[in-house]
>>> print(open('coords12.pdb').read())   # PDB, C-alpha atoms
MODEL        1
ATOM      1  CA  MET X 142      37.118  20.967 -61.234  1.00  0.00           C
ATOM      2  CA  ILE X 143      40.086  21.646 -63.491  1.00  0.00           C
ATOM      3  CA  SER X 144      42.784  19.011 -63.969  1.00  0.00           C
ATOM      4  CA  ILE X 145      46.358  20.195 -63.790  1.00  0.00           C
ATOM      5  CA  LYS X 146      49.256  18.079 -64.923  1.00  0.00           C
ATOM      6  CA  LEU X 147      52.884  18.872 -64.169  1.00  0.00           C
ATOM      7  CA  VAL X 148      55.309  17.229 -66.561  1.00  0.00           C
ATOM      8  CA  CYS X 149      58.733  17.490 -64.964  1.00  0.00           C
ATOM      9  CA  VAL X 150      62.124  16.239 -66.060  1.00  0.00           C
ATOM     10  CA  GLY X 151      63.806  14.533 -63.140  1.00  0.00           C
ATOM     11  CA  SER X 152      62.597  13.370 -59.777  1.00  0.00           C
ATOM     12  CA  LEU X 153      62.778  14.877 -56.320  1.00  0.00           C
ATOM     13  CA  LYS X 154      65.604  13.050 -54.618  1.00  0.00           C
ATOM     14  CA  GLU X 155      65.930  15.157 -51.474  1.00  0.00           C
ATOM     15  CA  LYS X 156      63.318  14.837 -48.742  1.00  0.00           C
ATOM     16  CA  PHE X 157      62.930  18.601 -48.278  1.00  0.00           C
ATOM     17  CA  TRP X 158      61.825  19.038 -51.912  1.00  0.00           C
ATOM     18  CA  ARG X 159      59.374  16.143 -51.602  1.00  0.00           C
ATOM     19  CA  ASP X 160      57.987  17.517 -48.323  1.00  0.00           C
ATOM     20  CA  ALA X 161      57.434  20.982 -49.790  1.00  0.00           C
ATOM     21  CA  CYS X 162      55.721  19.574 -52.887  1.00  0.00           C
ATOM     22  CA  GLU X 163      53.569  17.184 -50.875  1.00  0.00           C
ATOM     23  CA  GLU X 164      52.290  20.090 -48.772  1.00  0.00           C
ATOM     24  CA  TYR X 165      51.182  22.047 -51.834  1.00  0.00           C
ATOM     25  CA  VAL X 166      49.754  18.942 -53.495  1.00  0.00           C
ATOM     26  CA  LYS X 167      47.627  18.425 -50.379  1.00  0.00           C
ATOM     27  CA  ARG X 168      46.484  22.060 -50.399  1.00  0.00           C
ATOM     28  CA  LEU X 169      45.727  22.016 -54.119  1.00  0.00           C
ATOM     29  CA  SER X 170      43.495  18.941 -53.803  1.00  0.00           C
ATOM     30  CA  LYS X 171      40.645  21.259 -52.745  1.00  0.00           C
ATOM     31  CA  PHE X 172      40.828  23.169 -56.013  1.00  0.00           C
ATOM     32  CA  CYS X 173      41.981  20.861 -58.789  1.00  0.00           C
ATOM     33  CA  LYS X 174      42.839  17.340 -59.816  1.00  0.00           C
ATOM     34  CA  LEU X 175      46.624  17.345 -59.852  1.00  0.00           C
ATOM     35  CA  LYS X 176      48.860  14.820 -61.539  1.00  0.00           C
ATOM     36  CA  ILE X 177      52.650  14.963 -61.557  1.00  0.00           C
ATOM     37  CA  VAL X 178      54.508  13.089 -64.287  1.00  0.00           C
ATOM     38  CA  GLU X 179      58.251  12.703 -63.839  1.00  0.00           C
ATOM     39  CA  CYS X 180      60.237  12.095 -67.011  1.00  0.00           C
ATOM     40  CA  GLN X 181      63.623  10.489 -66.614  1.00  0.00           C
ATOM     41  CA  GLN X 182      66.552  12.875 -66.609  1.00  0.00           C
ATOM     42  CA  LYS X 183      69.261  11.868 -69.069  1.00  0.00           C
ATOM     43  CA  GLU X 184      72.881  12.341 -67.995  1.00  0.00           C
ATOM     44  CA  LEU X 185      74.793  11.925 -71.246  1.00  0.00           C
ATOM     45  CA  ASP X 186      78.134  13.183 -72.506  1.00  0.00           C
ATOM     46  CA  ASP X 187      76.287  14.602 -75.507  1.00  0.00           C
ATOM     47  CA  ILE X 188      74.154  17.309 -73.867  1.00  0.00           C
ATOM     48  CA  GLN X 189      72.015  17.974 -76.949  1.00  0.00           C
ATOM     49  CA  LYS X 190      71.207  14.272 -77.276  1.00  0.00           C
ATOM     50  CA  GLY X 191      70.137  14.253 -73.604  1.00  0.00           C
ATOM     51  CA  ILE X 192      67.950  17.330 -74.116  1.00  0.00           C
ATOM     52  CA  ASN X 193      66.320  15.705 -77.145  1.00  0.00           C
ATOM     53  CA  LEU X 194      65.613  12.446 -75.296  1.00  0.00           C
ATOM     54  CA  GLU X 195      64.151  14.323 -72.317  1.00  0.00           C
ATOM     55  CA  SER X 196      62.114  16.567 -74.629  1.00  0.00           C
ATOM     56  CA  ASN X 197      60.683  13.555 -76.480  1.00  0.00           C
ATOM     57  CA  ASN X 198      59.600  12.088 -73.134  1.00  0.00           C
ATOM     58  CA  VAL X 199      57.985  15.399 -72.218  1.00  0.00           C
ATOM     59  CA  LEU X 200      56.100  15.608 -75.517  1.00  0.00           C
ATOM     60  CA  GLU X 201      54.696  12.099 -75.021  1.00  0.00           C
ATOM     61  CA  ASN X 202      52.941  13.430 -71.897  1.00  0.00           C
ATOM     62  CA  VAL X 203      51.497  16.643 -73.333  1.00  0.00           C
ATOM     63  CA  ASN X 204      47.986  16.357 -74.723  1.00  0.00           C
ATOM     64  CA  SER X 205      46.249  19.478 -73.438  1.00  0.00           C
ATOM     65  CA  TYR X 206      46.803  23.216 -73.264  1.00  0.00           C
ATOM     66  CA  SER X 207      50.462  23.463 -72.247  1.00  0.00           C
ATOM     67  CA  ILE X 208      52.463  26.075 -70.403  1.00  0.00           C
ATOM     68  CA  LEU X 209      56.238  25.769 -70.472  1.00  0.00           C
ATOM     69  CA  LEU X 210      58.269  27.355 -67.717  1.00  0.00           C
ATOM     70  CA  ASP X 211      60.987  29.214 -69.568  1.00  0.00           C
ATOM     71  CA  ARG X 212      62.986  32.292 -68.598  1.00  0.00           C
ATOM     72  CA  SER X 213      62.177  33.850 -71.987  1.00  0.00           C
ATOM     73  CA  GLY X 214      58.458  33.501 -71.275  1.00  0.00           C
ATOM     74  CA  LYS X 215      55.903  36.026 -70.152  1.00  0.00           C
ATOM     75  CA  MET X 216      56.256  37.317 -66.601  1.00  0.00           C
ATOM     76  CA  LEU X 217      52.994  37.628 -64.696  1.00  0.00           C
ATOM     77  CA  SER X 218      52.147  38.938 -61.256  1.00  0.00           C
ATOM     78  CA  SER X 219      50.418  36.478 -58.945  1.00  0.00           C
ATOM     79  CA  GLU X 220      47.111  38.214 -59.673  1.00  0.00           C
ATOM     80  CA  GLU X 221      47.685  37.997 -63.435  1.00  0.00           C
ATOM     81  CA  PHE X 222      48.638  34.336 -63.092  1.00  0.00           C
ATOM     82  CA  ALA X 223      45.400  33.685 -61.167  1.00  0.00           C
ATOM     83  CA  GLN X 224      43.377  35.456 -63.872  1.00  0.00           C
ATOM     84  CA  THR X 225      45.156  33.448 -66.563  1.00  0.00           C
ATOM     85  CA  ILE X 226      44.441  30.131 -64.825  1.00  0.00           C
ATOM     86  CA  GLU X 227      40.820  31.115 -64.293  1.00  0.00           C
ATOM     87  CA  LYS X 228      40.369  32.185 -67.932  1.00  0.00           C
ATOM     88  CA  LEU X 229      42.102  29.083 -69.320  1.00  0.00           C
ATOM     89  CA  SER X 230      40.011  26.783 -67.130  1.00  0.00           C
ATOM     90  CA  LEU X 231      36.851  28.076 -68.810  1.00  0.00           C
ATOM     91  CA  ASN X 232      37.873  26.546 -72.147  1.00  0.00           C
ATOM     92  CA  ASN X 233      40.174  23.701 -71.074  1.00  0.00           C
ATOM     93  CA  SER X 234      39.456  20.720 -68.848  1.00  0.00           C
ATOM     94  CA  GLU X 235      43.185  20.194 -68.293  1.00  0.00           C
ATOM     95  CA  LEU X 236      46.243  22.428 -68.180  1.00  0.00           C
ATOM     96  CA  THR X 237      49.721  20.958 -68.511  1.00  0.00           C
ATOM     97  CA  PHE X 238      52.716  22.739 -67.038  1.00  0.00           C
ATOM     98  CA  ILE X 239      56.166  21.696 -68.244  1.00  0.00           C
ATOM     99  CA  ILE X 240      59.398  22.001 -66.274  1.00  0.00           C
ATOM    100  CA  GLY X 241      62.451  21.007 -68.270  1.00  0.00           C
ATOM    101  CA  GLY X 242      65.654  19.488 -66.971  1.00  0.00           C
ATOM    102  CA  SER X 243      68.975  21.067 -66.080  1.00  0.00           C
ATOM    103  CA  TYR X 244      69.703  22.030 -69.675  1.00  0.00           C
ATOM    104  CA  GLY X 245      66.156  22.980 -70.641  1.00  0.00           C
ATOM    105  CA  VAL X 246      64.095  21.597 -73.511  1.00  0.00           C
ATOM    106  CA  ASN X 247      64.484  21.576 -77.276  1.00  0.00           C
ATOM    107  CA  SER X 248      62.705  23.786 -79.788  1.00  0.00           C
ATOM    108  CA  GLN X 249      60.027  21.144 -80.426  1.00  0.00           C
ATOM    109  CA  VAL X 250      58.757  21.503 -76.853  1.00  0.00           C
ATOM    110  CA  LYS X 251      58.951  25.316 -77.034  1.00  0.00           C
ATOM    111  CA  ASN X 252      57.075  25.342 -80.342  1.00  0.00           C
ATOM    112  CA  LYS X 253      54.385  22.953 -79.095  1.00  0.00           C
ATOM    113  CA  ALA X 254      53.773  24.918 -75.894  1.00  0.00           C
ATOM    114  CA  ASP X 255      50.715  27.144 -76.011  1.00  0.00           C
ATOM    115  CA  MET X 256      52.314  29.577 -73.587  1.00  0.00           C
ATOM    116  CA  LEU X 257      55.785  30.309 -72.228  1.00  0.00           C
ATOM    117  CA  LEU X 258      55.773  31.448 -68.596  1.00  0.00           C
ATOM    118  CA  SER X 259      58.671  32.947 -66.675  1.00  0.00           C
ATOM    119  CA  PHE X 260      59.092  33.324 -62.933  1.00  0.00           C
ATOM    120  CA  GLY X 261      61.818  35.912 -63.503  1.00  0.00           C
ATOM    121  CA  LYS X 262      65.091  36.398 -65.299  1.00  0.00           C
ATOM    122  CA  VAL X 263      67.014  34.179 -62.910  1.00  0.00           C
ATOM    123  CA  THR X 264      67.431  30.443 -63.381  1.00  0.00           C
ATOM    124  CA  TYR X 265      66.122  28.092 -60.688  1.00  0.00           C
ATOM    125  CA  PRO X 266      67.049  24.460 -60.135  1.00  0.00           C
ATOM    126  CA  HIS X 267      64.182  22.437 -61.596  1.00  0.00           C
ATOM    127  CA  ASN X 268      63.369  21.028 -58.131  1.00  0.00           C
ATOM    128  CA  LEU X 269      62.872  24.539 -56.755  1.00  0.00           C
ATOM    129  CA  ALA X 270      60.934  25.570 -59.864  1.00  0.00           C
ATOM    130  CA  ARG X 271      58.485  22.760 -59.121  1.00  0.00           C
ATOM    131  CA  VAL X 272      57.935  24.015 -55.572  1.00  0.00           C
ATOM    132  CA  ILE X 273      57.514  27.591 -56.811  1.00  0.00           C
ATOM    133  CA  LEU X 274      55.036  26.500 -59.483  1.00  0.00           C
ATOM    134  CA  LEU X 275      52.965  24.494 -57.001  1.00  0.00           C
ATOM    135  CA  GLU X 276      52.939  27.425 -54.575  1.00  0.00           C
ATOM    136  CA  GLN X 277      51.897  29.850 -57.315  1.00  0.00           C
ATOM    137  CA  LEU X 278      49.133  27.509 -58.441  1.00  0.00           C
ATOM    138  CA  TYR X 279      47.885  27.310 -54.862  1.00  0.00           C
ATOM    139  CA  ARG X 280      48.170  31.101 -54.510  1.00  0.00           C
ATOM    140  CA  SER X 281      46.212  31.593 -57.738  1.00  0.00           C
ATOM    141  CA  PHE X 282      43.340  29.446 -56.477  1.00  0.00           C
ATOM    142  CA  MET X 283      43.395  31.313 -53.173  1.00  0.00           C
ATOM    143  CA  ILE X 284      43.279  34.664 -54.999  1.00  0.00           C
ATOM    144  CA  THR X 285      40.396  33.472 -57.165  1.00  0.00           C
ATOM    145  CA  SER X 286      38.472  32.218 -54.128  1.00  0.00           C
ATOM    146  CA  GLY X 287      38.955  35.524 -52.282  1.00  0.00           C
ATOM    147  CA  SER X 288      41.104  34.056 -49.519  1.00  0.00           C
ATOM    148  CA  LYS X 289      43.441  36.193 -47.431  1.00  0.00           C
ATOM    149  CA  TYR X 290      46.380  33.867 -48.197  1.00  0.00           C
ATOM    150  CA  HIS X 291      47.539  36.387 -50.802  1.00  0.00           C
ATOM    151  CA  LYS X 292      48.069  39.731 -49.109  1.00  0.00           C
TER     152      LYS X 292
ENDMDL
END
>>> encode(input="coords12.pdb", output="C-alpha cells")
Amino acid sequence: MISIKLVCVGSLKEKFWRDACEEYVKRLSKFCKLKIVECQQKELDDIQKGINLESNNVLENVNSYSILLDRSGKMLSSEEFAQTIEKLSLNNSELTFIIGGSYGVNSQVKNKADMLLSFGKVTYPHNLARVILLEQLYRSFMITSGSKYHK
C-alpha cells in the first residue's frame, strides 16, 4: 500500500473544510496510508521573508518523490492523474504532495519538487486546494480500481 503525505502550509480553521477533508481521508484509508503535515503559516509584513520561512518548513518535511501544486504545473485529466499515481507508486513507497500558503512557495521548493501539478489556471485558496487534491486522489484510486465513482 502506497504512503501519501500532504505537506500543507496553514491549518484548516473552518469546520466545513475539516469535515470535507476528514471524509476523503476516511475514504482514502482503503487505498493508501495518508499523513497530513501542516506547516505553520507566517503572517509577516515582509512577504518574501514569510514565504521563505514557510518554504523552509515545507522542505524539512519532504523526503520522497514530491509533487508541488502550482498553477504553472502540468495539467492532467483525472484519468491521467490516476495513471500517474499508479505509475509512480511502482517505484516509490511514498509520494509527497505540497500545497503552499497564500503567497506560494519559493524557488527552492519549486526546484526540489519532482513534478509540478496544476488543477487549472485559476488560483484556489489553499484550504480548497487541499479538499480538491484529496478528492482527486480518491478519484484516482477509484479509477484504478475500476469503480463507477468516476463516470
>>> closest_residue(input="coords12.pdb", among="X:Leu258, X:Val263, X:Leu229, X:Val148", to="Ile208 of chain X", atoms="all atoms listed in the file")
X:Leu258
>>> atom_distance(input="coords12.pdb", atom1="atom CA of Ser288 of chain X", atom2="atom CA of Arg168 of chain X")
13.2 Å
>>> closest_residue(input="coords12.pdb", among="X:Val199, X:Leu210, X:Ala270, X:Ile284", to="Gln249 of chain X", atoms="all atoms listed in the file")
X:Val199
>>> axis_aligned_box(input="coords12.pdb", around="segment 241-260 of chain X", padding_each_side="6 Å", output="lines of an AutoDock Vina configuration file")
center_x = 60.2
center_y = 26.4
center_z = -71.7
size_x = 31.0
size_y = 25.8
size_z = 29.5
>>> atom_distance(input="coords12.pdb", atom1="atom CA of Leu231 of chain X", atom2="atom CA of Asn198 of chain X")
28.1 Å
>>> residues_around(input="coords12.pdb", residues="Leu169 of chain X", least_positions_apart="5", cutoff="12 Å", atoms="only C-alpha atoms", output="JSON, numbers by chain")
{"X": [142, 143, 144, 145, 162, 163, 164, 174, 175, 176, 274, 275, 276, 277, 278, 279, 280, 281, 282, 283]}
>>> closest_residue(input="coords12.pdb", among="X:Gly261, X:Gly214, X:Gly287, X:Gly151", to="Lys183 of chain X", atoms="all atoms listed in the file")
X:Gly151
>>> resolve_selection(input="coords12.pdb", expression="the PyMOL selection byres ((chain X and resi 236) around 6)", output="MDAnalysis selection string")
chainID X and resid 145 206:207 235 237
>>> decode(input="coords12.pdb", residues="segment 187-198 of chain X", atoms="N, CA, C and O atoms", output="CSV table (one decimal), in the first residue's frame")
chain,number,residue,atom,x,y,z
X,187,ASP,N,6.9,41.5,5.9
X,187,ASP,CA,7.8,41.2,4.8
X,187,ASP,C,7.4,39.8,4.2
X,187,ASP,O,7.7,38.8,4.7
X,188,ILE,N,6.6,39.9,3.1
X,188,ILE,CA,6.0,38.8,2.4
X,188,ILE,C,7.1,37.7,2.0
X,188,ILE,O,6.9,36.5,2.3
X,189,GLN,N,8.1,38.2,1.4
X,189,GLN,CA,9.2,37.3,0.9
X,189,GLN,C,9.8,36.5,2.1
X,189,GLN,O,10.1,35.3,2.0
X,190,LYS,N,10.0,37.2,3.2
X,190,LYS,CA,10.5,36.5,4.4
X,190,LYS,C,9.6,35.4,4.9
X,190,LYS,O,10.0,34.3,5.3
X,191,GLY,N,8.3,35.7,4.9
X,191,GLY,CA,7.3,34.8,5.3
X,191,GLY,C,7.3,33.6,4.3
X,191,GLY,O,7.2,32.4,4.8
X,192,ILE,N,7.3,33.8,3.0
X,192,ILE,CA,7.4,32.7,2.0
X,192,ILE,C,8.6,31.9,2.3
X,192,ILE,O,8.5,30.6,2.3
X,193,ASN,N,9.8,32.5,2.6
X,193,ASN,CA,11.0,31.7,2.8
X,193,ASN,C,10.9,30.9,4.1
X,193,ASN,O,11.3,29.7,4.1
X,194,LEU,N,10.3,31.4,5.1
X,194,LEU,CA,10.2,30.6,6.4
X,194,LEU,C,9.2,29.5,6.1
X,194,LEU,O,9.5,28.3,6.6
X,195,GLU,N,8.1,29.7,5.5
X,195,GLU,CA,7.1,28.6,5.2
X,195,GLU,C,7.8,27.6,4.3
X,195,GLU,O,7.6,26.4,4.6
X,196,SER,N,8.5,28.0,3.3
X,196,SER,CA,9.2,27.1,2.4
X,196,SER,C,10.2,26.2,3.1
X,196,SER,O,10.3,25.0,2.8
X,197,ASN,N,11.0,26.8,4.0
X,197,ASN,CA,11.9,26.0,4.7
X,197,ASN,C,11.2,25.0,5.6
X,197,ASN,O,11.7,23.8,5.7
X,198,ASN,N,10.1,25.3,6.2
X,198,ASN,CA,9.3,24.3,6.9
X,198,ASN,C,8.8,23.2,6.0
X,198,ASN,O,8.8,22.0,6.4
